[in-house]
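All remarks here apply to the structure that follows.
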Amino acid sequence: MSTKKSKLLLAGVMLAITGGAFAATDADTQAQLDAIKGAIPKFAVPMREVGDRFQNMYFAAKDGNWALAAYMSKYMNGAMNPAKLTKAEEYKTWKSFYEGKFAAVDKTIQAKDLNGFEAAYTKVIDDCNSCHKKMDYPFIKVVKMKAPADIGIDYTVKSEPGDVPK
Ligand code: HEC
């Protein structure tokens with residue numbers, strides 16, 4: 001074999017090896033990304049938090065802790081963030097629910113309008129449940145609780161809706 005030919009062959013082998021190595025690295029990285037994504041909650045785990053914060057919000061508003069009500073709403077929405085990555089399509093439906101139908105509840109919190117809040121809150125429960133039906137979970141029917149989900153907070157602290165840090 002001439003030196004020129006063997007040099008070319010060597011270059012070809014090197015290219016094949018490094019090319020292969022890069023491909024393997026890509027596959028490994030992808031597998032690791034998939035594993036991480038698989039460990040991030042989808043809907044069920046954040047919905048548990050949505051459920052609790054939604055119930056707590058009611059008692060906060062009722063007892064005049066308006067900042068706590070606003071805070072519960074803010075983090076009820078924030079709880080769903082993992083689904084942006086793990087259930088991107090379904091997350092869009094959540095986003096349009098929170099920014100659409102749920103905005104009526106938020107508005108009454110910001111206005112400290114308790115009567116308006118009671119009406120909007122009761123109404124939105126049907127919208128929560130419509131989405132459950134639409135997403136094949138008709139057996140998950142939210143009902144208003146008689147006491148907050150979390151009893152470890154004082155709901156009677158008087159506050160303003162704007163008191164929630166940005
Ligand atoms: C975008 C559609 C959608 C909206 C809107 C929605 N949910 Fe859900 N919810 C789901 C899905 C889907 C599940 C089932 C979780 C799963 O296994 O994927 C669920 C499950 C739940 C659960 C059971 C969680 C558990 O595992 O214990 C509760 C509680 C809940 N939702 C509360 C609410 C409340 C309260 C609202 C309204 C403020 C709401 N949801 C709005 C889609 C929605």
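By order in the structure tokens, chains are A, B, ...; within a chain, residues start at 1; ligands start at 1, following the order shown.
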Quiz item: Using only C-alpha atoms and all ligand atoms, what are the residues with an atom within 8 Å of ligand 1, set out as a PyMOL selection string?
Solution: chain A and resi 42-55+76+90-95+97-98+102+124-125+127-132+134-137+140-142
Output the selection as an mmCIF file, in the first residue's frame - C-alpha atoms for each residue.
data_model
loop_
_atom_site.group_PDB
_atom_site.id
_atom_site.type_symbol
_atom_site.label_atom_id
_atom_site.label_comp_id
_atom_site.auth_asym_id
_atom_site.auth_seq_id
_atom_site.Cartn_x
_atom_site.Cartn_y
_atom_site.Cartn_z
ATOM 1 C CA LYS A 42 -46.675 15.290 34.101
ATOM 2 C CA PHE A 43 -50.218 16.292 35.099
ATOM 3 C CA ALA A 44 -51.178 14.180 38.109
ATOM 4 C CA VAL A 45 -48.555 15.492 40.568
ATOM 5 C CA PRO A 46 -48.990 19.221 39.835
ATOM 6 C CA MET A 47 -52.796 18.794 39.714
ATOM 7 C CA ARG A 48 -52.657 17.592 43.311
ATOM 8 C CA GLU A 49 -51.121 20.972 44.180
ATOM 9 C CA VAL A 50 -53.591 22.823 41.937
ATOM 10 C CA GLY A 51 -56.417 21.138 43.855
ATOM 11 C CA ASP A 52 -55.063 22.126 47.266
ATOM 12 C CA ARG A 53 -54.157 25.694 46.348
ATOM 13 C CA PHE A 54 -57.565 26.134 44.713
ATOM 14 C CA GLN A 55 -59.324 25.079 47.942
ATOM 15 C CA MET A 76 -51.593 27.186 41.444
ATOM 16 C CA GLU A 90 -52.021 19.561 27.124
ATOM 17 C CA TYR A 91 -50.262 22.445 28.887
ATOM 18 C CA LYS A 92 -51.641 24.796 26.203
ATOM 19 C CA THR A 93 -55.148 23.869 27.352
ATOM 20 C CA TRP A 94 -54.195 24.610 30.964
ATOM 21 C CA LYS A 95 -52.672 27.973 29.947
ATOM 22 C CA PHE A 97 -57.924 27.939 31.023
ATOM 23 C CA TYR A 98 -55.864 29.943 33.541
ATOM 24 C CA PHE A 102 -59.820 31.583 35.569
ATOM 25 C CA VAL A 124 -64.973 27.924 37.546
ATOM 26 C CA ILE A 125 -65.294 24.556 39.326
ATOM 27 C CA ASP A 127 -64.630 24.529 34.025
ATOM 28 C CA CYS A 128 -62.048 22.528 36.019
ATOM 29 C CA ASN A 129 -64.301 19.514 35.659
ATOM 30 C CA SER A 130 -64.983 20.116 31.953
ATOM 31 C CA CYS A 131 -61.275 19.795 31.306
ATOM 32 C CA HIS A 132 -61.158 16.590 33.335
ATOM 33 C CA LYS A 134 -62.281 16.404 27.961
ATOM 34 C CA MET A 135 -59.005 14.784 28.950
ATOM 35 C CA ASP A 136 -60.674 11.422 29.743
ATOM 36 C CA TYR A 137 -60.764 11.854 33.530
ATOM 37 C CA ILE A 140 -62.070 13.320 38.812
ATOM 38 C CA LYS A 141 -64.776 15.712 39.932
ATOM 39 C CA VAL A 142 -63.628 18.658 42.027
#
Self-check item: Shortest interatomic distance to A:Ile40 - which of A:Ala61, A:Leu85, A:Ala27, A:Ala69, counting only C-alpha atoms
Solution: A:Leu85
Quiz item: Quick one: DSSP alpha helix (DSSP H) residues in stretch 32-153 of chain A, as a PyMOL selection string?
Solution: chain A and resi 32-39+44-62+66-78+82-86+88-99+103-110+114-134
Quiz item: atom CA of A:Ala70 and atom CA of A:Pro165, how far apart in Å?
Solution: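 Between atom CA of A:Pro165 and atom CA of A:Ala70 the gap is 10.5 Å.
Relative to atom CA of A:Lys166, atom CA of A:Lys62 is found at 23.1 Å.
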Exercise. Skip A:Asp63 itself and residues of its chain fewer than 2 positions away, then list as a PyMOL selection string all residues within 7 Å of it, counting only C-alpha atoms.
Key: chain A and resi 59-61+65+155-156
Restrict the selected residues to C-alpha atoms and save them as a PDB file, in the first residue's frame.
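Result file out-v8.pdb:
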ATOM      1  CA  PHE A  59     -60.739  30.435  52.604  1.00  0.00           C
ATOM      2  CA  ALA A  60     -58.086  33.115  52.182  1.00  0.00           C
ATOM      3  CA  ALA A  61     -60.479  35.335  50.210  1.00  0.00           C
ATOM      4  CA  ASN A  65     -56.350  37.470  53.478  1.00  0.00           C
ATOM      5  CA  TYR A 155     -56.373  32.552  56.704  1.00  0.00           C
ATOM      6  CA  THR A 156     -57.546  35.518  58.765  1.00  0.00           C
TER       7      THR A 156
END
Self-check item: Å distance separating atom CA of A:Tyr121 from atom CA of A:Lys87, one decimal place
Solution: 26.2 Å
Self-check item: Near-stretch 72-74 of chain A list (8 Å; only C-alpha atoms; drop same-chain fewer than 4 positions) as number ranges by chain
Solution: A: 53-54, 56-57, 68, 78, 106
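Considering only C-alpha atoms, the residue among A:Lys37, A:Phe117, A:Trp66, A:Tyr75 positioned nearest to A:Lys158 is A:Trp66.
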